[in-house]
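Text of run.txt, listed as compact mmCIF, C-alpha atoms:
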# COMPACT_ATOMS: atom_id res chain seq x y z
CA MET A 1 6.82 67.59 -5.69
CA ARG A 2 6.50 66.34 -2.11
CA LYS A 3 2.76 65.86 -2.65
CA LEU A 4 3.49 63.78 -5.80
CA VAL A 5 6.03 61.58 -3.97
CA SER A 6 3.62 61.14 -1.08
CA PHE A 7 0.81 60.20 -3.46
CA LEU A 8 3.00 57.64 -5.27
CA ALA A 9 4.06 56.09 -1.97
CA VAL A 10 0.44 55.73 -0.88
CA ALA A 11 -0.52 54.29 -4.27
CA ILE A 12 2.30 51.70 -4.20
CA THR A 13 1.40 50.70 -0.65
CA ALA A 14 -2.23 50.31 -1.67
CA VAL A 15 -1.28 48.08 -4.62
CA MET A 16 0.96 45.94 -2.38
CA VAL A 17 -1.75 45.58 0.24
CA SER A 18 -4.31 44.79 -2.44
CA GLY A 19 -1.99 42.19 -3.97
CA CYS A 20 -1.36 40.54 -0.61
CA ALA A 21 -5.07 40.54 0.13
CA SER A 22 -5.79 38.91 -3.25
CA LEU A 23 -3.11 36.28 -2.64
CA LEU A 24 -4.44 35.49 0.83
CA ALA A 25 -7.98 35.28 -0.53
CA SER A 26 -6.80 32.90 -3.26
CA ILE A 27 -4.99 30.67 -0.75
CA ALA A 28 -8.07 30.58 1.47
CA THR A 29 -10.39 29.76 -1.45
CA ASN A 30 -8.58 27.72 -4.08
CA PRO A 31 -7.31 24.20 -3.36
CA SER A 32 -3.71 23.63 -4.37
CA PHE A 33 -1.41 20.65 -3.81
CA VAL A 34 1.80 18.94 -4.84
CA VAL A 35 2.67 15.31 -5.53
CA PRO A 36 6.50 15.23 -5.61
CA ASP A 37 7.74 14.69 -9.19
CA GLY A 38 4.18 13.75 -10.16
CA THR A 39 5.35 10.16 -9.66
CA VAL A 40 4.59 7.24 -7.35
CA TYR A 41 6.43 3.93 -7.60
CA ASN A 42 4.83 0.55 -7.07
CA GLY A 43 4.37 0.16 -3.30
CA GLN A 44 5.32 3.76 -2.48
CA THR A 45 3.08 5.88 -0.26
CA VAL A 46 3.33 9.66 -0.62
CA ARG A 47 1.81 12.37 1.54
CA ILE A 48 0.17 15.05 -0.60
CA THR A 49 1.29 18.56 0.32
CA LYS A 50 -1.47 21.19 0.45
CA SER A 51 -0.74 24.87 -0.13
CA GLY A 52 -4.32 26.15 0.18
CA THR A 53 -6.12 26.64 3.49
CA CYS A 54 -9.68 25.85 2.39
CA SER A 55 -11.50 22.62 3.26
CA TYR A 56 -10.44 19.91 0.82
CA ALA A 57 -12.41 17.12 -0.84
CA TRP A 58 -10.18 14.54 -2.54
CA ALA A 59 -10.76 12.11 -5.39
CA THR A 60 -8.64 9.73 -7.44
CA SER A 61 -9.50 8.56 -10.95
CA ASP A 62 -8.23 5.03 -10.23
CA PRO A 63 -8.88 3.87 -6.64
CA THR A 64 -7.50 0.42 -7.45
CA HIS A 65 -4.05 1.45 -8.68
CA LEU A 66 -3.77 4.82 -6.94
CA PRO A 67 -5.86 4.57 -3.75
CA LEU A 68 -6.17 7.76 -1.70
CA VAL A 69 -6.62 7.77 2.06
CA GLU A 70 -7.27 10.85 4.19
CA LYS A 71 -6.16 10.83 7.82
CA ASP A 72 -6.33 13.79 10.21
CA GLY A 73 -6.82 16.20 7.33
CA THR A 74 -3.86 14.85 5.33
CA ALA A 75 -4.19 12.87 2.10
CA TYR A 76 -1.94 9.95 1.16
CA ILE A 77 -1.69 8.08 -2.14
CA THR A 78 -0.09 4.68 -2.79
CA GLY A 79 0.99 3.17 -6.09
CA HIS A 80 -0.25 -0.33 -7.01
CA LEU A 81 0.41 -2.19 -10.26
CA ASP A 82 -1.04 -5.47 -11.52
CA LYS A 83 0.87 -8.66 -12.19
CA ASP A 84 0.58 -10.76 -15.34
CA LYS A 85 0.13 -14.52 -15.34
CA TYR A 86 3.88 -14.95 -14.93
CA GLY A 87 3.97 -12.83 -11.78
CA ARG A 88 5.59 -9.83 -13.46
CA TYR A 89 4.37 -6.32 -12.67
CA GLU A 90 3.10 -4.14 -15.48
CA SER A 91 5.45 -1.28 -16.34
CA SER A 92 3.28 1.77 -15.62
CA ARG A 93 -0.11 3.39 -15.29
CA VAL A 94 -1.44 6.94 -15.18
CA ALA A 95 -4.07 8.29 -12.79
CA THR A 96 -5.38 11.69 -11.74
CA VAL A 97 -5.77 13.20 -8.27
CA THR A 98 -8.41 15.90 -7.89
CA ALA A 99 -8.83 18.40 -5.05
CA SER A 100 -11.99 20.45 -4.57
CA ASN A 101 -13.09 23.14 -2.14
CA SER A 102 -15.60 21.15 -0.11
CA GLY A 103 -17.21 24.32 1.24
CA ASP A 104 -17.70 26.14 -2.06
CA ALA A 105 -18.91 24.26 -5.13
CA THR A 106 -18.33 27.31 -7.36
CA VAL A 107 -14.54 27.02 -6.98
CA LYS A 108 -12.93 25.12 -9.84
CA PRO A 109 -11.29 21.85 -8.73
CA ILE A 110 -7.60 21.33 -9.43
CA GLU A 111 -6.15 18.17 -10.95
CA GLN A 112 -2.70 16.61 -11.16
CA GLN A 113 -1.68 13.65 -13.27
CA VAL A 114 0.32 11.02 -11.40
CA ASN A 115 2.54 8.42 -13.08
CA ILE A 116 2.67 5.03 -11.37
CA TYR A 117 5.89 3.21 -12.29
CA SER A 118 7.22 -0.25 -11.72
CA TRP A 119 10.76 -0.68 -10.43
CA GLN A 120 13.36 -3.36 -9.96
CA LEU A 121 16.96 -3.93 -8.91
CA ALA A 122 20.00 -3.85 -11.17
CA ILE A 123 23.63 -4.67 -10.36
CA TYR A 124 26.44 -2.19 -11.12
CA ASP A 125 30.21 -2.58 -10.89
CA SER A 126 32.67 -0.10 -9.34
CA ALA A 127 32.84 1.82 -12.65
CA ASP A 128 29.05 2.29 -12.46
CA LYS A 129 28.46 -0.03 -15.41
CA ARG A 130 25.36 -2.21 -15.28
CA ILE A 131 26.04 -5.93 -15.16
CA GLU A 132 23.98 -7.69 -17.81
CA ASP A 133 24.33 -11.16 -16.26
CA PRO A 134 24.29 -10.96 -12.44
CA LEU A 135 24.61 -14.76 -12.27
CA ARG A 136 28.20 -14.49 -13.51
CA LEU A 137 29.72 -11.97 -11.13
CA ALA A 138 33.46 -11.86 -10.60
CA ARG A 139 34.77 -13.35 -7.35
CA ASN A 140 36.06 -11.25 -4.48
CA THR A 141 34.68 -8.12 -6.13
CA GLN A 142 32.50 -5.25 -4.97
CA TYR A 143 29.15 -4.54 -6.64
CA THR A 144 26.17 -2.30 -5.91
CA ALA A 145 22.49 -3.08 -6.34
CA LYS A 146 20.46 -0.01 -7.33
CA MET A 147 16.77 0.73 -7.63
CA VAL A 148 15.95 1.34 -11.30
CA ARG A 149 13.04 2.01 -13.61
CA VAL A 150 13.19 0.19 -16.93
CA GLY A 151 12.01 2.08 -19.99
CA GLY A 152 12.48 1.69 -23.71
CA THR A 153 11.39 -1.54 -25.40
CA SER A 154 11.84 -5.21 -24.58
CA SER A 155 14.48 -5.48 -27.31
CA SER A 156 16.22 -2.25 -26.26
CA PRO A 157 15.56 -1.55 -22.56
CA ASN A 158 16.68 1.66 -20.90
CA TYR A 159 17.70 1.44 -17.24
CA VAL A 160 17.15 4.65 -15.26
CA VAL A 161 18.60 4.76 -11.74
CA ILE A 162 16.11 6.25 -9.26
CA PRO A 163 17.95 8.90 -7.19
CA LYS A 164 15.40 9.37 -4.39
CA LEU A 165 11.96 8.33 -3.17
CA TYR A 166 9.72 10.92 -1.56
CA ARG A 167 7.52 10.37 1.45
CA SER A 168 6.55 14.04 1.40
CA MET A 169 7.74 17.44 0.24
CA THR A 170 7.21 20.75 2.03
CA ILE A 171 8.46 24.29 1.73
CA GLY A 172 10.87 23.56 4.56
CA GLY A 173 12.36 20.42 3.06
CA GLU A 174 11.70 16.85 2.01
CA GLU A 175 11.18 13.49 3.68
CA LEU A 176 12.58 10.49 1.86
CA ILE A 177 11.90 6.74 1.90
CA SER A 178 14.47 3.96 2.17
CA LEU A 179 14.20 0.49 0.71
CA ASN A 180 14.47 -2.45 3.09
CA PHE A 181 17.19 -4.78 1.76
CA SER A 182 17.77 -8.40 2.70
CA MET A 183 19.98 -11.18 1.36
CA GLY A 184 19.68 -14.85 2.19
CA SER A 185 23.42 -15.58 2.21
CA SER A 186 26.28 -14.54 4.45
CA SER A 187 28.87 -15.40 1.78
CA PHE A 188 28.03 -12.15 -0.01
CA ALA A 189 29.36 -9.65 2.51
CA LYS A 190 27.51 -6.39 3.01
CA VAL A 191 29.79 -3.37 2.51
CA GLU A 192 27.41 -0.46 2.89
CA GLN A 193 23.84 0.60 2.28
CA SER A 194 22.15 3.87 1.34
CA GLN A 195 18.48 4.67 1.00
CA LEU A 196 18.14 3.05 -2.43
CA THR A 197 21.39 1.12 -2.91
CA TYR A 198 23.06 -1.93 -1.40
CA THR A 199 26.79 -2.56 -1.87
CA PHE A 200 28.21 -6.03 -1.32
CA LYS A 201 31.36 -8.04 -1.94
CA THR A 202 31.25 -11.42 -3.62
CA PRO A 203 32.90 -14.51 -2.10
CA SER A 204 36.33 -15.65 -3.25
CA SER A 205 34.95 -18.88 -4.66
CA ALA A 206 32.15 -19.93 -6.97
CA SER A 207 28.75 -19.69 -5.33
CA SER A 208 25.26 -21.00 -5.72
CA THR A 209 22.50 -18.58 -6.66
CA VAL A 210 21.22 -16.29 -3.91
CA THR A 211 18.52 -13.60 -4.01
CA LEU A 212 18.91 -10.00 -2.94
CA ASN A 213 15.52 -8.53 -2.02
CA ALA A 214 14.34 -4.94 -1.63
CA THR A 215 10.97 -4.01 -0.16
CA LEU A 216 8.94 -0.84 -0.69
CA GLY A 217 5.64 -0.81 1.18
CA ASP A 218 3.90 -4.07 0.31
CA VAL A 219 6.01 -4.70 -2.81
CA THR A 220 9.17 -6.83 -2.75
CA MET A 221 11.48 -7.12 -5.75
CA GLY A 222 14.39 -9.52 -5.91
CA ILE A 223 17.41 -10.13 -8.13
CA LYS A 224 19.30 -13.41 -8.33
CA ILE A 225 23.09 -13.22 -8.13
CA ALA A 226 25.96 -15.71 -8.20
CA THR A 227 29.69 -15.86 -8.87
CA LYS A 228 31.06 -17.75 -11.87
Can I see the file as structure tokens?
Amino acid sequence: MRKLVSFLAVAITAVMVSGCASLLASIATNPSFVVPDGTVYNGQTVRITKSGTCSYAWATSDPTHLPLVEKDGTAYITGHLDKDKYGRYESSRVATVTASNSGDATVKPIEQQVNIYSWQLAIYDSADKRIEDPLRLARNTQYTAKMVRVGGTSSSPNYVVIPKLYRSMTIGGEELISLNFSMGSSSFAKVEQSQLTYTFKTPSSASSTVTLNATLGDVTMGIKIATK
């Protein structure tokens, strides 16, 4: 009986060691990476997180709209969308990032699809209801501008609030990006600001139209607001 137990213990240890060896060999041979959420917004730059230890060769299927830059062994991608003749950004694009083992051509490359989305600002009241006409805001009232992605159709748009923007993601945590907000009027008093939101209070009298801007990378989006 003791011999059987001893044999089983040795066998289990051998399997565990073999499994660990196979895992380590896979990590050292096969490229693997993560683009947080598989999404990049217009103007956003994201650091690609590698989980393999081999030498990487990177490629992007659309260098114009999803350029990839490698610096000090780390790859970065940035979302870029085109404008139409009216200066409006297109809503989205799809591209693919590919990683290969640059030292072994027999290893199968790995691909990940990346969605490139446009974004804009929308105004919400204290009950978290979107304001359809931000040029007719109530006076002496608090509102919040939020970063949103607009889906649906032109006749029935769907506004999705963006909760966070990644700069990178690792096993140990995440690094997030903040929008840079600016408003060309002191009559709309700033109340507070988070990474992707800007809360303000309207003046107590009717106002002319002002623009609240938010910048992400080289992309600036603005929304015009006024009190009625």
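Closest approach to Ser91 in chain A among A:Met221, A:Val148, A:Ser118, A:Thr202: A:Ser118, based on all atoms listed in the file.
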Could you list, as a list in words, every residue within 12 Å of Lys224 in chain A, counting all atoms listed in the file and ignoring same-chain residues fewer than 5 positions away?
Gln120, Leu121, Ala122, Ile123, Asp133, Pro134, Leu135, Arg136, Leu137, Ala145, Met183, Gly184, Ser185, Ser207, Ser208, Thr209, Val210, Thr211, Leu212, Asn213 and Ala214 of chain A
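Residue nearest Leu176 in chain A, chosen from A:Val219, A:Leu196, A:Ile48, A:Ala226 and counting only C-alpha atoms: A:Leu196.
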A straight line from CA of Lys201 in chain A to CA of Ile223 in chain A spans 15.4 Å
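Between Phe188 in chain A and the candidates A:Ala206, A:Val150, A:Ile110, A:Ile171, the tightest atom-to-atom separation, counting only C-alpha atoms, involves A:Ala206.
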First collect every listed atom of range 61-73 of chain A; then fit an axis-aligned box around them, widen it by 6 Å on each side, and give centre and edge lengths in Å to one decimal, as lines of an AutoDock Vina configuration file.
center_x = -6.6
center_y = 8.3
center_z = -0.4
size_x = 17.7
size_y = 27.8
size_z = 33.2
Using only C-alpha atoms: which of A:Val94, A:Val191, A:Ala127, A:Ile177 has the shortest distance to Thr64 in chain A:
A:Val94
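Relative to CA of Val161 in chain A, CA of Asp128 in chain A is found at 10.8 Å.
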So that I can check the surroundings of Gln113 in chain A, please list as a list of chain:residue names every protein, DNA and RNA residue that reaches within 10 Å of it, counting all atoms listed in the file and ignoring chain neighbours fewer than 4 positions away.
A:Val35, A:Gly38, A:Thr39, A:Thr60, A:Ser61, A:Val94, A:Ala95, A:Thr96, A:Val97, A:Thr98
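Interatomic distance, CA of Thr106 in chain A to CA of Cys54 in chain A: 13.1 Å.
Using all atoms listed in the file for every distance, the candidate list A:Pro31, A:Gly79, A:Gly73, A:Pro203 yields A:Pro31 as the residue closest to Thr53 in chain A.
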Using 8 Å as the limit and counting only C-alpha atoms, can you tabulate each residue of range 98-186 of chain A that touches range 215-218 of chain A, with its shortest atom-to-atom distance in Å and the two atoms involved, as CSV?
residue,atom,partner,partner_atom,distance
A:Ser178,CA,A:Leu216,CA,7.9
A:Leu179,CA,A:Leu216,CA,5.6
A:Asn180,CA,A:Thr215,CA,5.0
A:Phe181,CA,A:Thr215,CA,6.6
Please determine, counting all atoms listed in the file, which residue among A:Gln142, A:Ser102, A:Gln112, A:Thr74 has the shortest atom-to-atom distance to Thr49 in chain A.
A:Thr74
Skipping near chain neighbours, those fewer than 6 positions away, what residues fall within 7 Å of Asp125 in chain A using all atoms listed in the file, listed as a short mmCIF file (atom, residue, chain, number, x, y, z; two decimals) with C-alpha atoms, in the coordinates of the input?
data_model
loop_
_atom_site.label_atom_id
_atom_site.label_comp_id
_atom_site.auth_asym_id
_atom_site.auth_seq_id
_atom_site.Cartn_x
_atom_site.Cartn_y
_atom_site.Cartn_z
CA ILE A 131 26.04 -5.93 -15.16
CA GLN A 142 32.50 -5.25 -4.97
CA TYR A 143 29.15 -4.54 -6.64
CA THR A 144 26.17 -2.30 -5.91
#
Mind dumping a table of every range 71-151 of chain A residue within 8 Å of range 41-45 of chain A, with the nearest atom pair and its distance in Å to one decimal, using only C-alpha atoms, sorted by chain and rising number, as JSON lines?
{"residue": "A:Tyr76", "atom": "CA", "partner": "A:Thr45", "partner_atom": "CA", "distance": 6.6}
{"residue": "A:Ile77", "atom": "CA", "partner": "A:Thr45", "partner_atom": "CA", "distance": 5.6}
{"residue": "A:Thr78", "atom": "CA", "partner": "A:Thr45", "partner_atom": "CA", "distance": 4.2}
{"residue": "A:Gly79", "atom": "CA", "partner": "A:Asn42", "partner_atom": "CA", "distance": 4.8}
{"residue": "A:His80", "atom": "CA", "partner": "A:Asn42", "partner_atom": "CA", "distance": 5.2}
{"residue": "A:Leu81", "atom": "CA", "partner": "A:Asn42", "partner_atom": "CA", "distance": 6.1}
{"residue": "A:Ile116", "atom": "CA", "partner": "A:Tyr41", "partner_atom": "CA", "distance": 5.4}
{"residue": "A:Tyr117", "atom": "CA", "partner": "A:Tyr41", "partner_atom": "CA", "distance": 4.8}
{"residue": "A:Ser118", "atom": "CA", "partner": "A:Asn42", "partner_atom": "CA", "distance": 5.3}
{"residue": "A:Trp119", "atom": "CA", "partner": "A:Asn42", "partner_atom": "CA", "distance": 6.9}
